[in-house]
Structure formats: structure tokens, C-alpha cells
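So this block is work.txt, compact mmCIF, C-alpha atoms:
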```
# COMPACT_ATOMS: atom_id res chain seq x y z
CA MET A 3 59.32 -57.95 -39.74
CA ARG A 4 60.50 -61.18 -38.15
CA ILE A 5 59.62 -63.00 -34.95
CA ALA A 6 61.82 -65.52 -33.18
CA ASN A 7 60.51 -68.97 -32.31
CA ASN A 8 63.37 -70.38 -30.23
CA ASP A 9 66.17 -70.51 -32.82
CA PHE A 10 63.76 -70.21 -35.74
CA LYS A 11 62.77 -66.83 -37.21
CA LEU A 12 59.60 -66.22 -39.20
CA GLY A 13 59.11 -63.29 -41.57
CA TYR A 14 55.75 -61.55 -41.82
CA ASP A 15 53.97 -58.33 -42.71
CA LEU A 16 51.06 -56.81 -40.81
CA PHE A 17 48.75 -54.42 -42.67
CA ARG A 18 46.47 -52.41 -40.41
CA SER A 19 44.77 -49.27 -41.72
CA GLU A 20 42.79 -46.68 -39.80
CA VAL A 21 39.63 -48.23 -41.23
CA SER A 22 40.56 -51.69 -39.97
CA ILE A 23 41.27 -50.32 -36.49
CA ARG A 24 37.76 -48.84 -36.40
CA HIS A 25 36.33 -52.24 -37.39
CA GLN A 26 38.02 -54.41 -34.82
CA GLN A 27 35.08 -56.81 -34.68
CA THR A 28 36.34 -58.28 -37.96
CA PRO A 29 38.88 -61.05 -37.36
CA PRO A 30 42.21 -60.51 -39.13
CA ILE A 31 42.73 -62.14 -42.51
CA VAL A 32 45.79 -64.35 -42.94
CA LEU A 33 46.98 -64.93 -46.51
CA ILE A 34 49.43 -67.82 -46.92
CA HIS A 35 51.53 -68.01 -50.08
CA GLY A 36 52.18 -71.12 -52.15
CA PHE A 37 55.23 -73.32 -52.56
CA GLY A 38 58.37 -71.49 -53.68
CA LEU A 39 56.77 -68.06 -53.36
CA ASP A 40 56.75 -65.61 -50.45
CA ARG A 41 54.52 -63.00 -48.84
CA SER A 42 55.44 -60.34 -51.40
CA VAL A 43 53.21 -62.05 -53.96
CA TRP A 44 50.23 -60.74 -51.97
CA HIS A 45 51.35 -57.11 -51.55
CA PRO A 46 49.63 -55.45 -54.57
CA PHE A 47 46.48 -57.50 -53.99
CA VAL A 48 46.22 -56.50 -50.33
CA SER A 49 46.89 -52.82 -51.04
CA GLU A 50 44.24 -52.71 -53.75
CA HIS A 51 41.53 -55.04 -52.42
CA LEU A 52 41.88 -55.62 -48.66
CA SER A 53 43.09 -52.25 -47.42
CA ASP A 54 40.09 -51.87 -45.05
CA PHE A 55 41.01 -54.95 -43.04
CA MET A 56 43.79 -56.15 -40.79
CA VAL A 57 45.84 -58.55 -42.93
CA ILE A 58 48.67 -60.82 -41.80
CA LEU A 59 51.11 -62.09 -44.42
CA PRO A 60 53.54 -64.74 -43.16
CA ASP A 61 56.52 -66.20 -44.96
CA MET A 62 56.18 -69.91 -44.48
CA ARG A 63 59.11 -71.86 -43.05
CA GLY A 64 61.90 -72.04 -45.63
CA HIS A 65 60.50 -69.20 -47.76
CA GLY A 66 61.07 -65.46 -48.02
CA GLU A 67 62.62 -63.99 -44.88
CA SER A 68 61.85 -67.03 -42.73
CA ASP A 69 64.66 -69.36 -41.77
CA ALA A 70 65.18 -72.57 -43.73
CA PRO A 71 66.17 -75.27 -41.24
CA GLN A 72 66.50 -78.89 -42.27
CA GLY A 73 63.17 -80.49 -43.19
CA PRO A 74 60.82 -82.08 -43.68
CA TYR A 75 58.37 -79.25 -43.11
CA GLN A 76 55.20 -81.10 -42.22
CA MET A 77 52.04 -79.10 -42.89
CA ALA A 78 51.24 -79.53 -39.19
CA LEU A 79 54.56 -77.92 -38.30
CA MET A 80 53.83 -74.93 -40.51
CA ALA A 81 50.38 -74.65 -38.90
CA ASP A 82 52.18 -74.50 -35.54
CA ASP A 83 54.41 -71.72 -36.90
CA LEU A 84 51.31 -69.78 -37.93
CA THR A 85 49.75 -70.25 -34.50
CA GLU A 86 52.85 -68.93 -32.78
CA LEU A 87 52.70 -65.87 -35.03
CA LEU A 88 49.04 -65.31 -34.10
CA ASP A 89 49.95 -65.66 -30.42
CA THR A 90 52.70 -63.06 -30.84
CA LEU A 91 50.21 -60.67 -32.44
CA ASP A 92 47.56 -61.37 -29.74
CA VAL A 93 45.14 -62.73 -32.34
CA ASP A 94 42.64 -65.25 -30.96
CA GLN A 95 40.81 -66.05 -34.20
CA ALA A 96 41.51 -65.36 -37.86
CA ILE A 97 40.13 -65.89 -41.34
CA VAL A 98 42.86 -68.13 -42.71
CA CYS A 99 43.28 -68.29 -46.49
CA GLY A 100 45.93 -70.27 -48.33
CA HIS A 101 47.12 -70.48 -51.91
CA SER A 102 48.22 -73.91 -53.20
CA MET A 103 50.64 -75.24 -50.52
CA GLY A 104 49.19 -72.54 -48.27
CA GLY A 105 45.85 -74.34 -48.55
CA TYR A 106 47.46 -77.49 -47.15
CA VAL A 107 48.66 -75.41 -44.20
CA CYS A 108 45.14 -74.00 -43.75
CA LEU A 109 43.68 -77.49 -43.54
CA ALA A 110 46.31 -78.55 -41.02
CA PHE A 111 45.47 -75.42 -39.00
CA ALA A 112 41.74 -76.24 -39.19
CA SER A 113 42.47 -79.75 -37.92
CA GLN A 114 44.77 -78.71 -35.07
CA TYR A 115 43.30 -75.36 -34.02
CA PRO A 116 39.59 -75.39 -34.95
CA ASP A 117 38.66 -72.90 -32.21
CA ARG A 118 40.98 -70.32 -33.75
CA LEU A 119 39.51 -70.56 -37.25
CA ALA A 120 36.89 -67.88 -37.97
CA GLY A 121 36.75 -68.47 -41.71
CA LEU A 122 38.57 -70.48 -44.36
CA GLY A 123 39.78 -69.66 -47.85
CA LEU A 124 41.18 -72.39 -50.11
CA ILE A 125 42.70 -70.89 -53.25
CA THR A 126 43.75 -73.15 -56.15
CA THR A 127 44.52 -76.03 -53.80
CA ASN A 128 43.15 -79.44 -52.85
CA ALA A 129 42.45 -81.60 -49.80
CA ASP A 130 43.79 -84.90 -51.09
CA ALA A 131 47.12 -86.50 -50.27
CA ASP A 132 49.58 -87.01 -53.13
CA ASN A 133 49.11 -90.10 -55.24
CA GLU A 134 52.17 -92.26 -55.92
CA ASP A 135 53.09 -90.49 -59.16
CA LYS A 136 52.91 -87.01 -57.66
CA ARG A 137 54.85 -88.07 -54.59
CA ALA A 138 57.55 -89.59 -56.77
CA GLY A 139 57.68 -86.38 -58.80
CA ARG A 140 58.32 -84.33 -55.67
CA TYR A 141 61.22 -86.55 -54.63
CA ALA A 142 62.65 -86.43 -58.16
CA LEU A 143 62.51 -82.64 -57.99
CA ILE A 144 64.38 -82.73 -54.67
CA GLU A 145 67.23 -84.54 -56.41
CA GLU A 146 67.28 -81.86 -59.11
CA ILE A 147 67.48 -79.14 -56.47
CA LYS A 148 70.46 -80.85 -54.90
CA THR A 149 72.22 -80.67 -58.26
CA TYR A 150 71.00 -77.41 -59.82
CA GLY A 151 69.59 -75.37 -56.93
CA ALA A 152 66.35 -73.40 -56.75
CA VAL A 153 66.34 -72.68 -60.49
CA ALA A 154 65.37 -76.32 -61.06
CA VAL A 155 62.06 -75.62 -59.32
CA ALA A 156 61.63 -72.25 -61.02
CA ASP A 157 62.11 -73.78 -64.48
CA ASN A 158 59.77 -76.68 -63.67
CA LEU A 159 56.99 -74.86 -61.86
CA ALA A 160 56.75 -71.26 -63.08
CA PRO A 161 55.54 -72.05 -66.65
CA ARG A 162 52.67 -74.10 -65.21
CA LEU A 163 51.45 -71.37 -62.85
CA SER A 164 49.92 -69.11 -65.49
CA ASN A 165 49.39 -68.46 -69.17
CA ASP A 166 50.43 -64.83 -68.61
CA PRO A 167 54.14 -64.36 -69.43
CA ALA A 168 54.45 -61.55 -66.86
CA VAL A 169 53.10 -63.78 -64.10
CA VAL A 170 55.42 -66.61 -65.16
CA LYS A 171 58.39 -64.21 -65.06
CA GLN A 172 57.47 -62.90 -61.61
CA SER A 173 56.93 -66.42 -60.27
CA HIS A 174 60.23 -67.65 -61.70
CA TYR A 175 62.04 -64.80 -59.95
CA LEU A 176 60.41 -65.50 -56.57
CA ILE A 177 61.02 -69.25 -56.75
CA SER A 178 64.61 -68.94 -57.93
CA ARG A 179 65.55 -66.77 -54.92
CA THR A 180 64.09 -69.25 -52.39
CA GLU A 181 66.59 -71.19 -50.29
CA PRO A 182 67.14 -74.70 -51.74
CA ALA A 183 66.88 -76.16 -48.24
CA GLY A 184 63.49 -74.50 -47.87
CA LEU A 185 62.24 -75.90 -51.15
CA ILE A 186 63.42 -79.38 -50.21
CA GLY A 187 61.83 -79.21 -46.75
CA ALA A 188 58.51 -78.07 -48.20
CA LEU A 189 58.54 -80.72 -50.93
CA GLU A 190 59.17 -83.41 -48.32
CA GLY A 191 56.33 -82.07 -46.19
CA MET A 192 53.88 -81.93 -49.08
CA ALA A 193 54.79 -85.46 -50.17
CA GLN A 194 54.14 -86.75 -46.66
CA ARG A 195 50.97 -84.79 -45.90
CA PRO A 196 47.83 -86.74 -44.94
CA ASP A 197 44.59 -86.78 -46.87
CA ARG A 198 42.29 -84.08 -45.51
CA ALA A 199 39.16 -84.83 -47.55
CA ALA A 200 37.40 -86.41 -44.56
CA LEU A 201 38.08 -83.27 -42.51
CA LEU A 202 36.11 -80.95 -44.79
CA PRO A 203 32.60 -81.79 -43.44
CA GLU A 204 33.87 -81.01 -39.93
CA ILE A 205 35.00 -77.44 -40.78
CA ASN A 206 31.80 -75.59 -39.93
CA VAL A 207 32.87 -71.99 -40.55
CA PRO A 208 32.23 -69.71 -43.55
CA ALA A 209 34.48 -71.05 -46.30
CA LEU A 210 35.39 -70.18 -49.87
CA VAL A 211 37.01 -72.47 -52.44
CA VAL A 212 38.59 -70.67 -55.41
CA ALA A 213 39.58 -72.30 -58.70
CA GLY A 214 40.93 -70.94 -61.96
CA GLU A 215 39.42 -72.23 -65.18
CA ASP A 216 42.88 -72.31 -66.78
CA ASP A 217 44.72 -73.89 -63.84
CA GLN A 218 47.30 -76.43 -65.02
CA ILE A 219 47.99 -77.79 -61.53
CA THR A 220 44.72 -78.21 -59.62
CA ILE A 221 41.50 -79.68 -61.02
CA PHE A 222 38.51 -77.35 -61.38
CA GLU A 223 35.86 -80.00 -60.70
CA ASP A 224 37.72 -81.22 -57.61
CA ALA A 225 37.52 -77.69 -56.20
CA LYS A 226 33.76 -77.71 -56.72
CA SER A 227 33.56 -80.97 -54.79
CA MET A 228 35.58 -79.48 -51.94
CA ALA A 229 33.18 -76.56 -51.67
CA LYS A 230 30.21 -78.95 -51.51
CA SER A 231 31.90 -80.94 -48.74
CA LEU A 232 32.33 -77.87 -46.52
CA PRO A 233 29.15 -77.19 -44.45
CA GLN A 234 29.36 -73.46 -45.19
CA GLY A 235 31.38 -73.73 -48.35
CA GLN A 236 30.95 -71.56 -51.44
CA PHE A 237 32.70 -71.99 -54.76
CA LEU A 238 34.28 -69.27 -56.88
CA GLY A 239 35.37 -70.22 -60.38
CA LEU A 240 37.51 -67.60 -62.09
CA GLN A 241 37.55 -67.20 -65.85
CA GLY A 242 40.97 -66.15 -67.13
CA ALA A 243 42.80 -67.38 -64.05
CA GLY A 244 45.28 -70.19 -63.81
CA HIS A 245 47.01 -71.09 -60.55
CA MET A 246 47.74 -67.48 -59.49
CA PRO A 247 44.44 -65.58 -59.19
CA MET A 248 45.86 -63.00 -56.77
CA VAL A 249 47.86 -61.58 -59.68
CA GLU A 250 45.88 -62.87 -62.70
CA THR A 251 42.34 -61.89 -61.63
CA PRO A 252 42.83 -59.87 -58.43
CA ALA A 253 39.56 -57.93 -58.61
CA ALA A 254 37.47 -61.10 -58.85
CA LEU A 255 39.40 -62.75 -56.04
CA GLY A 256 39.09 -59.62 -53.94
CA LYS A 257 35.32 -59.60 -54.44
CA GLY A 258 35.17 -63.25 -53.37
CA LEU A 259 37.21 -62.65 -50.23
CA HIS A 260 35.11 -59.61 -49.35
CA ALA A 261 32.01 -61.82 -49.51
CA LEU A 262 33.73 -64.39 -47.28
CA ILE A 263 34.62 -61.69 -44.76
CA GLN A 264 31.02 -60.45 -44.73
CA ARG A 265 29.78 -63.97 -44.02
CA VAL A 266 32.25 -64.29 -41.15
CA MET A 267 31.13 -60.95 -39.72
CA GLY A 268 27.53 -62.14 -39.99
CA SER A 269 28.34 -65.29 -38.03
CA PHE A 270 29.67 -63.11 -35.17
CA SER A 271 26.57 -60.93 -34.97
```
What is this file in C-alpha cells?
Amino acid sequence: MRIANNDFKLGYDLFRSEVSIRHQQTPPIVLIHGFGLDRSVWHPFVSEHLSDFMVILPDMRGHGESDAPQGPYQMALMADDLTELLDTLDVDQAIVCGHSMGGYVCLAFASQYPDRLAGLGLITTNADADNEDKRAGRYALIEEIKTYGAVAVADNLAPRLSNDPAVVKQSHYLISRTEPAGLIGALEGMAQRPDRAALLPEINVPALVVAGEDDQITIFEDAKSMAKSLPQGQFLGLQGAGHMPMVETPAALGKGLHALIQRVMGSFS
């Protein structure tokens, strides 16, 4: 499905089972994909582990079925896109969970729309702004995209997402079919994003920080620190997971998100 935001169209899926309709007191769960991926990366996970809940899967600006206008795509802008989607679906509050770049969007959403955040999930992501080296690397990758297209990102990023060859292959496919303009806009937005570490103590909702022990991109100990900084934060370290726990260790991630949902439901009672 797609919604129109002026001249911009956003792709999304809405999963709503009979069980979820009977449990309408539970806020919907939003799962935001990472850079270069799209909402399809969540489909098997949702079907297997979150089928009892209302789940919203957006394609972020420049990814999947969403339009790819000229960037940069600031994380705040993508948080606005998400809010417009929630408005369209008549959703007042949601449990917002983001993977990698999706975590940056979650933190922007928490900063801009705190009253609409029922719970927070930060999955293999971080709250810090890019250091100079990482920022320079993003801009160097932009130049490669201009020359070689999306495959430049797929070749660079996919091998670092997992030690599982099947996950690397799937990730490479998803990244390589993403619009180059979308990749460039997202890279610009990530390079320019503000540091959100000081925001964490202000996010007083049930929260879960997930890290993979084999992650080659985010730092395991930094994730632990993030969880400690959140007033209601809990940490979930996943053995055998790299940067893609929704496909590497889906059962463990599903158990963690179920516990987060139960804590959110408890806060409403």
C-alpha cells in the first residue's frame, strides 16, 4: 500500500489479525528497516513472531516503494513521514522500533513526538552522531553511488551485515534494488544527524536495546550503555547475531519484543 503526502508517496504494510483486533488496548508496533533495505525484510519475522499484534511496516523515504526525492533525508524529516503515516491510520500512540538507520529515525521521533511514543525499540543501532571518519566514509560512498549505482552500497555494506551467507545474499539483493537517489539522500541525512545521547534519559517509556554479539557495525558495549541511559531501558544481547537479528536470530528477537510489548501494556493498566 502507499499513501500520498503532497507529491510524496510512502509505501507501507499493515498487519492486523483477528487476535490483534480483539486486543485493541495494545498500541500498534512500528518496525522501521535499516539503510538500503525495505519493509520486506520484516515480513517473515512479523508473520512468525508478531502475528497477534497490529504491526505497521513503513518503507522509509527513498527505500522500497516510497518515492526517492532529492535529499538530504534528515532523520527528523523521516520522523515526520512516519507521523503522517500514523495520522493516516488514525494511530495516536505506537511502540516504535527501528533497525540501524531506523533507530536514528526512532530517536528523532522520540524527540519530536514524545506524546506519541508508547514504547521504544532500538535494534543494532546507536545514539551518537557520526565522527569525522564515519561522516567522510558516507560522503565517499555517495561518490561511488554516483559512478556505479546502488551496487556500490550493496558490495560495501552487505558483507558486513552478517556472517551468514544467506543473509548477506538477501541483503545484497535488497540494497542493490534501492534507488540510488534514495541511498544518497539517506547517507546525507545520516551524516548530518545530531547526537542523541543526551536525549536518552528523557525517554521515559518502556524501552529495549538489542545488540548482536557478532555485529561488525555497531558496538556491543555501547548498546549496553544506551540501555542504562534509558529510564526504563532493558538490554538484549543476542548470541549468534550480527547486524540483522530479525533474520539471524528471529525467535530471540521476537521474545524480546514480546517482553517489551508486555511492559508497555502494563504501563497502560
Exercise. Residues at most 7 Å from Asp40 in chain A, counting only C-alpha atoms, excluding those fewer than 3 positions away in the same chain, as an MDAnalysis selection string?
Worked result: chainID A and resid 35 43 61 65:66
Exercise. Which neighbours of range 116-121 of chain A fall inside 9 Å, counting all atoms listed in the file, when residues of the same chain fewer than 2 positions from it are skipped, and could you give them as a VMD selection string?
Worked result: chain A and resid 29 31 85 93 to 99 111 to 114 123 205 to 210 262 to 263 265 to 266 269
Export, as an mmCIF file, in the coordinates of the input, the selected residues with C-alpha atoms.
```cif
data_model
loop_
_atom_site.group_PDB
_atom_site.id
_atom_site.type_symbol
_atom_site.label_atom_id
_atom_site.label_comp_id
_atom_site.auth_asym_id
_atom_site.auth_seq_id
_atom_site.Cartn_x
_atom_site.Cartn_y
_atom_site.Cartn_z
ATOM 1 C CA PRO A 29 38.880 -61.050 -37.360
ATOM 2 C CA ILE A 31 42.730 -62.140 -42.510
ATOM 3 C CA THR A 85 49.750 -70.250 -34.500
ATOM 4 C CA VAL A 93 45.140 -62.730 -32.340
ATOM 5 C CA ASP A 94 42.640 -65.250 -30.960
ATOM 6 C CA GLN A 95 40.810 -66.050 -34.200
ATOM 7 C CA ALA A 96 41.510 -65.360 -37.860
ATOM 8 C CA ILE A 97 40.130 -65.890 -41.340
ATOM 9 C CA VAL A 98 42.860 -68.130 -42.710
ATOM 10 C CA CYS A 99 43.280 -68.290 -46.490
ATOM 11 C CA PHE A 111 45.470 -75.420 -39.000
ATOM 12 C CA ALA A 112 41.740 -76.240 -39.190
ATOM 13 C CA SER A 113 42.470 -79.750 -37.920
ATOM 14 C CA GLN A 114 44.770 -78.710 -35.070
ATOM 15 C CA GLY A 123 39.780 -69.660 -47.850
ATOM 16 C CA ILE A 205 35.000 -77.440 -40.780
ATOM 17 C CA ASN A 206 31.800 -75.590 -39.930
ATOM 18 C CA VAL A 207 32.870 -71.990 -40.550
ATOM 19 C CA PRO A 208 32.230 -69.710 -43.550
ATOM 20 C CA ALA A 209 34.480 -71.050 -46.300
ATOM 21 C CA LEU A 210 35.390 -70.180 -49.870
ATOM 22 C CA LEU A 262 33.730 -64.390 -47.280
ATOM 23 C CA ILE A 263 34.620 -61.690 -44.760
ATOM 24 C CA ARG A 265 29.780 -63.970 -44.020
ATOM 25 C CA VAL A 266 32.250 -64.290 -41.150
ATOM 26 C CA SER A 269 28.340 -65.290 -38.030
#
```
Problem set entry | Residues within 7 Å of Val57 in chain A, only C-alpha atoms, excluding chain neighbours under 5 positions, as number ranges by chain | A: 16-18, 30-32
For this session: Give the answer as one residue: which of A:Leu159, A:Ala200, A:Ala154, A:Ala213 has the shortest atom-to-atom distance to Glu181 in chain A, using all atoms listed in the file?
Result: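 Selected residue with least distance to Glu181 in chain A: A:Ala154.
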For this session: Fewer than 6 positions away in the same chain doesn't count, so skip those; otherwise give me all residues within 10 Å of Met103 in chain A, counting all atoms listed in the file, as a list in words.
Result: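 Near Met103 in chain A, the qualifying residues are Ile34, His35, Gly36, Phe37, Gly38, Leu39, Met62, Met77, Leu124, Ile125, Thr126, Thr127, Asn128, Ala188, Leu189, Gly191 and Met192 of chain A.
You can rank A:Leu259, A:Ala138, A:Ala183, A:Cys108 by their closest distance to Ser68 in chain A using only C-alpha atoms, and at the top of that list sits A:Ala183.
Minimum atom-to-atom distances from A:Arg198, A:His51, A:Lys257, A:Lys136 to Leu232 in chain A were compared using all atoms listed in the file, and the lowest value belongs to A:Arg198.
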Problem set entry | Which residue of A:Tyr141, A:Glu146, A:Ala168, A:Leu52 approaches Gly258 in chain A most closely, using all atoms listed in the file | A:Leu52
Problem set entry | Within 8 Å of file point (63.4, -73.1, -53.7), counting only C-alpha atoms, expressed as a list in words | Gly38, His65, Ile147, Gly151, Ala152, Val153, Val155, Ala156, Ile177, Ser178, Arg179, Thr180, Glu181, Pro182, Ala183, Gly184, Leu185 and Ile186 of chain A
For this session: State, in Å with one decimal place, the distance from CA of Pro60 in chain A to CA of Met80 in chain A.
Result: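 Rounded to one decimal, the two atoms are 10.5 Å apart.
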For this session: Give the answer as one residue: which of A:Asp224, A:Gln234, A:Tyr75, A:Pro196 has the shortest atom-to-atom distance to Leu109 in chain A, using all atoms listed in the file?
Result: A:Pro196
Problem set entry | Long-range neighbours of Lys226 in chain A as a list in words, 9 Å cut-off, all atoms listed in the file, 2 positions minimum in chain |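 The filter keeps Val211, Val212, Ala213, Phe222, Glu223, Asp224, Met228, Ala229, Lys230, Ser231, Gln236, Phe237, Leu238 and Gly239 of chain A.
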For this session: Find, counting all atoms listed in the file, the residue in A:Pro233, A:Gly100, A:Pro74, A:Gly139 that gets nearest to Pro247 in chain A.
Result: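 Closest to Pro247 in chain A, using all atoms listed in the file: A:Gly100.
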Exercise. What does the distance from CA of Gly214 in chain A to CA of Leu240 in chain A come to in Å, to one decimal?
Worked result: 4.8 Å
